[in-house]
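So this one's model-v1.txt, compact mmCIF, C-alpha atoms:
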# COMPACT_ATOMS: atom_id res chain seq x y z
CA MET A 58 0.00 0.00 0.00
CA LYS A 59 1.31 3.39 -0.97
CA GLN A 60 1.84 5.96 1.68
CA GLN A 61 0.22 9.24 0.76
CA GLU A 62 2.44 12.22 0.29
CA LYS A 63 1.83 15.06 2.67
CA LYS A 64 1.44 18.21 0.65
CA ILE A 65 2.08 21.59 2.18
CA PRO A 66 -1.08 23.66 1.79
CA PHE A 67 -0.76 26.74 -0.39
CA PRO A 68 -1.56 29.24 2.42
CA PHE A 69 1.51 28.09 4.35
CA ILE A 70 3.74 28.50 1.30
CA PHE A 71 2.35 32.00 0.89
CA LEU A 72 3.01 32.63 4.60
CA ALA A 73 6.69 31.84 3.99
CA VAL A 74 6.72 34.32 1.09
CA TYR A 75 5.08 36.94 3.31
CA LEU A 76 7.65 36.42 6.06
CA ALA A 77 10.49 36.68 3.53
CA ALA A 78 8.99 39.96 2.27
CA ILE A 79 8.85 41.29 5.83
CA VAL A 80 12.51 40.42 6.40
CA ALA A 81 13.44 42.07 3.10
CA ALA A 82 11.43 45.19 4.06
CA PHE A 83 13.28 45.33 7.40
CA ILE A 84 16.68 45.03 5.75
CA VAL A 85 16.03 47.53 2.96
CA SER A 86 14.37 50.06 5.26
CA PHE A 87 17.05 49.91 7.93
CA LYS A 88 20.23 49.46 5.88
CA VAL A 89 19.42 51.30 2.64
CA ILE A 90 16.91 54.00 3.62
CA GLY A 91 18.14 54.51 7.20
CA ILE A 92 14.81 54.33 9.01
CA PRO A 93 15.10 53.16 12.64
CA ILE A 94 14.30 49.49 13.14
CA ALA A 95 11.59 50.24 15.73
CA ALA A 96 9.75 52.48 13.27
CA VAL A 97 9.92 49.80 10.58
CA GLY A 98 8.53 47.23 12.99
CA LEU A 99 5.75 49.57 14.03
CA PHE A 100 4.78 50.21 10.41
CA ILE A 101 4.73 46.49 9.64
CA VAL A 102 2.47 45.84 12.62
CA LEU A 103 0.23 48.73 11.55
CA GLU A 104 0.03 47.39 7.99
CA GLY A 105 -1.02 43.97 9.29
CA THR A 106 -3.57 45.51 11.62
CA LEU A 107 -4.99 47.68 8.84
CA ALA A 108 -5.27 44.67 6.54
CA ALA A 109 -7.01 42.64 9.26
CA LEU A 110 -9.46 45.42 10.09
CA LEU A 111 -10.31 45.99 6.43
CA ASN A 112 -10.52 42.28 5.64
CA ARG A 113 -14.19 42.09 4.61
CA ILE A 114 -14.42 45.19 2.42
CA PRO A 115 -14.47 45.30 -1.40
CA LEU A 116 -11.19 44.94 -3.22
CA TRP A 117 -11.26 48.46 -4.68
CA VAL A 118 -11.05 49.95 -1.16
CA HIS A 119 -7.79 48.04 -0.66
CA GLY A 120 -6.61 49.66 -3.88
CA LEU A 121 -7.42 53.08 -2.45
CA VAL A 122 -5.42 52.27 0.69
CA PHE A 123 -2.51 51.10 -1.49
CA VAL A 124 -2.55 54.32 -3.52
CA GLY A 125 -3.00 56.40 -0.36
CA GLU A 126 0.13 54.90 1.15
CA ILE A 127 2.15 55.73 -1.95
CA VAL A 128 0.81 59.30 -1.93
CA ALA A 129 1.79 59.58 1.75
CA GLY A 130 5.27 58.43 0.78
CA LEU A 131 5.45 61.21 -1.81
CA LEU A 132 4.25 63.82 0.67
CA PHE A 133 6.73 62.81 3.38
CA HIS A 134 9.65 62.18 0.99
CA LYS A 135 9.88 58.48 1.90
CA LEU A 136 8.51 57.00 -1.32
CA ILE A 137 10.62 53.82 -1.32
CA PHE A 138 9.69 53.03 2.28
CA MET A 139 5.98 53.54 1.71
CA VAL A 140 6.06 51.47 -1.48
CA LEU A 141 7.62 48.68 0.59
CA MET A 142 4.90 49.08 3.21
CA ALA A 143 2.20 49.10 0.54
CA VAL A 144 3.59 45.81 -0.80
CA VAL A 145 3.57 44.39 2.74
CA TYR A 146 -0.06 45.53 3.05
CA ALA A 147 -1.03 43.90 -0.26
CA LEU A 148 0.69 40.65 0.71
CA CYS A 149 -1.05 40.69 4.08
CA VAL A 150 -4.44 41.17 2.41
CA ALA A 151 -3.69 38.26 0.07
CA LEU A 152 -2.51 36.13 2.99
CA LEU A 153 -5.70 36.82 4.91
CA PHE A 154 -7.72 35.92 1.81
CA PHE A 155 -5.96 32.58 1.42
CA PHE A 156 -6.22 31.69 5.11
CA THR A 157 -9.93 32.52 5.34
CA ARG A 158 -10.80 30.72 2.11
CA ASN A 159 -12.51 27.36 2.38
CA TYR A 160 -10.52 24.58 0.65
CA ASP A 161 -13.06 21.74 0.94

Structure re-expressed in structure tokens:
Amino acid sequence: MKQQEKKIPFPFIFLAVYLAAIVAAFIVSFKVIGIPIAAVGLFIVLEGTLAALLNRIPLWVHGLVFVGEIVAGLLFHKLIFMVLMAVVYALCVALLFFFTRNYD
């Protein structure tokens, strides 16, 4: 009798991608842009909280948040940092979608 292969569910693979993106955002923000590590951590927590609170709204509202973050980056002269945070936000929204989806 064949033993069934245990497949890693897709949401957990995406979780690894999300964690790698967070580590990359930390490194780029701290080493390249020069933003303090505590501020980067706070922004990442805020992005995750914002994504969780806006989890059940239409997709176009997430697009407005994404654009709003980039505009804030332009206004405060930290465009690269806010683009990184907008990507973290988008990945968090996608991660929440995949974890709350029913795979039956």

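Of the listed residues (A:Met142, A:Ile92, A:Ala147, A:Leu131), A:Ala147 comes nearest to Val118 of chain A; the distances count only C-alpha atoms.
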
Check: Between A:Pro115, A:Gly105, A:Gly130, A:Pro66, which has the minimum distance to Tyr146 of chain A (counting only C-alpha atoms)?
Finding: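 Of all the options, A:Gly105 lies closest to Tyr146 of chain A.
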
Note to self: I need the residue nearest Phe87 of chain A from this list: A:Ala151, A:Ala73, A:Ile137, A:Leu111. Use all atoms listed in the file for the distance.
What the structure shows: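 Nearest candidate to Phe87 of chain A out of A:Ala151, A:Ala73, A:Ile137, A:Leu111: A:Ile137.
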
Notebook entry, point to check: How many Å lie between atom CA of Leu136 of chain A and atom CA of Asn112 of chain A, rounded to one decimal?
Noted result: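 Spanning atom CA of Leu136 of chain A to atom CA of Asn112 of chain A is a straight-line distance of 25.0 Å.
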
Checklist line | Coordinates-based distance that separates atom CA of Met139 of chain A from atom CA of Phe83 of chain A (Å, one decimal) | finding: 12.4 Å

Margin query: Please determine, counting all atoms listed in the file, which residue among A:Leu152, A:Ile101, A:Leu132, A:Lys63 has the shortest atom-to-atom distance to Ala81 of chain A.
Written below: A:Ile101

Next item on the list: Fewer than 3 positions away in the same chain doesn't count, so skip those; otherwise give me all residues within 10 Å of Phe71 of chain A, counting all atoms listed in the file, as an MDAnalysis selection string.
Entry: chainID A and resid 66:68 74:77 148:149 151:152 155:156

Note to self: Calculated over only C-alpha atoms, which of the candidates A:Leu153, A:Ile90, A:Ala108, A:Leu141 has the smallest distance to Val122 of chain A?
What the structure shows: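 Going through A:Leu153, A:Ile90, A:Ala108, A:Leu141 one by one, the smallest distance to Val122 of chain A is for A:Ala108.
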
Next item on the list: Compare A:Ala143, A:Ile114, A:Leu72, A:Val80 by their minimum atom-to-atom distance to Ile127 of chain A, counting all atoms listed in the file, and give me the closest one.
Entry: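 Residue with the minimum atom-to-atom distance to Ile127 of chain A: A:Ala143.
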
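Coordinates place atom CA of Val145 of chain A at a distance of 13.5 Å from atom CA of Ile84 of chain A.
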
How big is the axis-aligned box around the listed atoms of segment 63-67 of chain A once 4 Å is added on each side, and where is its centre? Give both in Å to one decimal, as AutoDock Vina command-line options.
--center_x 0.5 --center_y 20.9 --center_z 1.1 --size_x 11.2 --size_y 19.7 --size_z 11.1

Please, can segment 145-156 of chain A be completed to all heavy atoms and returned as a PDB file, in the coordinates of the input?
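Resulting contents of result11.pdb:
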ATOM      1  N   VAL A 145       3.835  45.206   1.553  1.00  0.00           N
ATOM      2  CA  VAL A 145       3.570  44.390   2.740  1.00  0.00           C
ATOM      3  C   VAL A 145       2.068  44.349   3.014  1.00  0.00           C
ATOM      4  O   VAL A 145       1.510  43.295   3.338  1.00  0.00           O
ATOM      5  CB  VAL A 145       4.351  44.922   3.963  1.00  0.00           C
ATOM      6  CG1 VAL A 145       3.858  44.302   5.258  1.00  0.00           C
ATOM      7  CG2 VAL A 145       5.835  44.672   3.790  1.00  0.00           C
ATOM      8  N   TYR A 146       1.392  45.477   2.865  1.00  0.00           N
ATOM      9  CA  TYR A 146      -0.060  45.530   3.050  1.00  0.00           C
ATOM     10  C   TYR A 146      -0.778  44.625   2.041  1.00  0.00           C
ATOM     11  O   TYR A 146      -1.659  43.848   2.404  1.00  0.00           O
ATOM     12  CB  TYR A 146      -0.559  46.968   2.914  1.00  0.00           C
ATOM     13  CG  TYR A 146      -2.062  47.096   2.922  1.00  0.00           C
ATOM     14  CD1 TYR A 146      -2.767  47.004   4.113  1.00  0.00           C
ATOM     15  CD2 TYR A 146      -2.774  47.292   1.753  1.00  0.00           C
ATOM     16  CE1 TYR A 146      -4.145  47.111   4.126  1.00  0.00           C
ATOM     17  CE2 TYR A 146      -4.142  47.395   1.752  1.00  0.00           C
ATOM     18  CZ  TYR A 146      -4.834  47.315   2.950  1.00  0.00           C
ATOM     19  OH  TYR A 146      -6.202  47.412   2.954  1.00  0.00           O
ATOM     20  N   ALA A 147      -0.385  44.719   0.781  1.00  0.00           N
ATOM     21  CA  ALA A 147      -1.030  43.900  -0.260  1.00  0.00           C
ATOM     22  C   ALA A 147      -0.791  42.410   0.000  1.00  0.00           C
ATOM     23  O   ALA A 147      -1.708  41.594  -0.162  1.00  0.00           O
ATOM     24  CB  ALA A 147      -0.503  44.302  -1.631  1.00  0.00           C
ATOM     25  N   LEU A 148       0.418  42.053   0.401  1.00  0.00           N
ATOM     26  CA  LEU A 148       0.690  40.650   0.710  1.00  0.00           C
ATOM     27  C   LEU A 148      -0.101  40.181   1.919  1.00  0.00           C
ATOM     28  O   LEU A 148      -0.570  39.040   1.966  1.00  0.00           O
ATOM     29  CB  LEU A 148       2.191  40.439   0.946  1.00  0.00           C
ATOM     30  CG  LEU A 148       3.075  40.518  -0.282  1.00  0.00           C
ATOM     31  CD1 LEU A 148       4.550  40.461   0.115  1.00  0.00           C
ATOM     32  CD2 LEU A 148       2.742  39.407  -1.253  1.00  0.00           C
ATOM     33  N   CYS A 149      -0.272  41.043   2.895  1.00  0.00           N
ATOM     34  CA  CYS A 149      -1.050  40.690   4.080  1.00  0.00           C
ATOM     35  C   CYS A 149      -2.523  40.491   3.721  1.00  0.00           C
ATOM     36  O   CYS A 149      -3.171  39.562   4.219  1.00  0.00           O
ATOM     37  CB  CYS A 149      -0.890  41.751   5.154  1.00  0.00           C
ATOM     38  SG  CYS A 149      -1.548  41.249   6.745  1.00  0.00           S
ATOM     39  N   VAL A 150      -3.054  41.337   2.864  1.00  0.00           N
ATOM     40  CA  VAL A 150      -4.440  41.170   2.410  1.00  0.00           C
ATOM     41  C   VAL A 150      -4.593  39.839   1.672  1.00  0.00           C
ATOM     42  O   VAL A 150      -5.550  39.092   1.898  1.00  0.00           O
ATOM     43  CB  VAL A 150      -4.875  42.362   1.519  1.00  0.00           C
ATOM     44  CG1 VAL A 150      -6.179  42.066   0.795  1.00  0.00           C
ATOM     45  CG2 VAL A 150      -5.000  43.617   2.359  1.00  0.00           C
ATOM     46  N   ALA A 151      -3.639  39.533   0.799  1.00  0.00           N
ATOM     47  CA  ALA A 151      -3.690  38.260   0.070  1.00  0.00           C
ATOM     48  C   ALA A 151      -3.553  37.079   1.027  1.00  0.00           C
ATOM     49  O   ALA A 151      -4.246  36.061   0.881  1.00  0.00           O
ATOM     50  CB  ALA A 151      -2.592  38.218  -0.983  1.00  0.00           C
ATOM     51  N   LEU A 152      -2.684  37.193   2.012  1.00  0.00           N
ATOM     52  CA  LEU A 152      -2.510  36.130   2.990  1.00  0.00           C
ATOM     53  C   LEU A 152      -3.786  35.897   3.781  1.00  0.00           C
ATOM     54  O   LEU A 152      -4.197  34.742   3.997  1.00  0.00           O
ATOM     55  CB  LEU A 152      -1.349  36.470   3.927  1.00  0.00           C
ATOM     56  CG  LEU A 152      -0.973  35.429   4.957  1.00  0.00           C
ATOM     57  CD1 LEU A 152      -0.366  34.214   4.261  1.00  0.00           C
ATOM     58  CD2 LEU A 152       0.004  35.996   5.956  1.00  0.00           C
ATOM     59  N   LEU A 153      -4.426  36.956   4.197  1.00  0.00           N
ATOM     60  CA  LEU A 153      -5.700  36.820   4.910  1.00  0.00           C
ATOM     61  C   LEU A 153      -6.759  36.178   4.016  1.00  0.00           C
ATOM     62  O   LEU A 153      -7.570  35.372   4.478  1.00  0.00           O
ATOM     63  CB  LEU A 153      -6.185  38.178   5.404  1.00  0.00           C
ATOM     64  CG  LEU A 153      -5.501  38.703   6.641  1.00  0.00           C
ATOM     65  CD1 LEU A 153      -5.866  40.161   6.871  1.00  0.00           C
ATOM     66  CD2 LEU A 153      -5.868  37.865   7.847  1.00  0.00           C
ATOM     67  N   PHE A 154      -6.763  36.529   2.741  1.00  0.00           N
ATOM     68  CA  PHE A 154      -7.720  35.920   1.810  1.00  0.00           C
ATOM     69  C   PHE A 154      -7.487  34.413   1.714  1.00  0.00           C
ATOM     70  O   PHE A 154      -8.432  33.627   1.786  1.00  0.00           O
ATOM     71  CB  PHE A 154      -7.594  36.564   0.430  1.00  0.00           C
ATOM     72  CG  PHE A 154      -8.388  35.844  -0.623  1.00  0.00           C
ATOM     73  CD1 PHE A 154      -9.756  36.000  -0.682  1.00  0.00           C
ATOM     74  CD2 PHE A 154      -7.766  35.015  -1.539  1.00  0.00           C
ATOM     75  CE1 PHE A 154     -10.506  35.327  -1.647  1.00  0.00           C
ATOM     76  CE2 PHE A 154      -8.498  34.342  -2.503  1.00  0.00           C
ATOM     77  CZ  PHE A 154      -9.871  34.502  -2.552  1.00  0.00           C
ATOM     78  N   PHE A 155      -6.235  34.005   1.576  1.00  0.00           N
ATOM     79  CA  PHE A 155      -5.960  32.580   1.420  1.00  0.00           C
ATOM     80  C   PHE A 155      -6.206  31.794   2.703  1.00  0.00           C
ATOM     81  O   PHE A 155      -6.593  30.628   2.651  1.00  0.00           O
ATOM     82  CB  PHE A 155      -4.529  32.349   0.935  1.00  0.00           C
ATOM     83  CG  PHE A 155      -4.323  32.739  -0.497  1.00  0.00           C
ATOM     84  CD1 PHE A 155      -3.344  33.635  -0.859  1.00  0.00           C
ATOM     85  CD2 PHE A 155      -5.127  32.217  -1.502  1.00  0.00           C
ATOM     86  CE1 PHE A 155      -3.158  34.000  -2.177  1.00  0.00           C
ATOM     87  CE2 PHE A 155      -4.963  32.574  -2.818  1.00  0.00           C
ATOM     88  CZ  PHE A 155      -3.972  33.468  -3.161  1.00  0.00           C
ATOM     89  N   PHE A 156      -5.991  32.402   3.860  1.00  0.00           N
ATOM     90  CA  PHE A 156      -6.220  31.690   5.110  1.00  0.00           C
ATOM     91  C   PHE A 156      -7.694  31.625   5.489  1.00  0.00           C
ATOM     92  O   PHE A 156      -8.093  30.733   6.223  1.00  0.00           O
ATOM     93  CB  PHE A 156      -5.410  32.306   6.258  1.00  0.00           C
ATOM     94  CG  PHE A 156      -4.104  31.616   6.472  1.00  0.00           C
ATOM     95  CD1 PHE A 156      -2.934  32.160   5.970  1.00  0.00           C
ATOM     96  CD2 PHE A 156      -4.041  30.426   7.156  1.00  0.00           C
ATOM     97  CE1 PHE A 156      -1.728  31.527   6.141  1.00  0.00           C
ATOM     98  CE2 PHE A 156      -2.828  29.775   7.331  1.00  0.00           C
ATOM     99  CZ  PHE A 156      -1.663  30.326   6.837  1.00  0.00           C
TER     100      PHE A 156
END
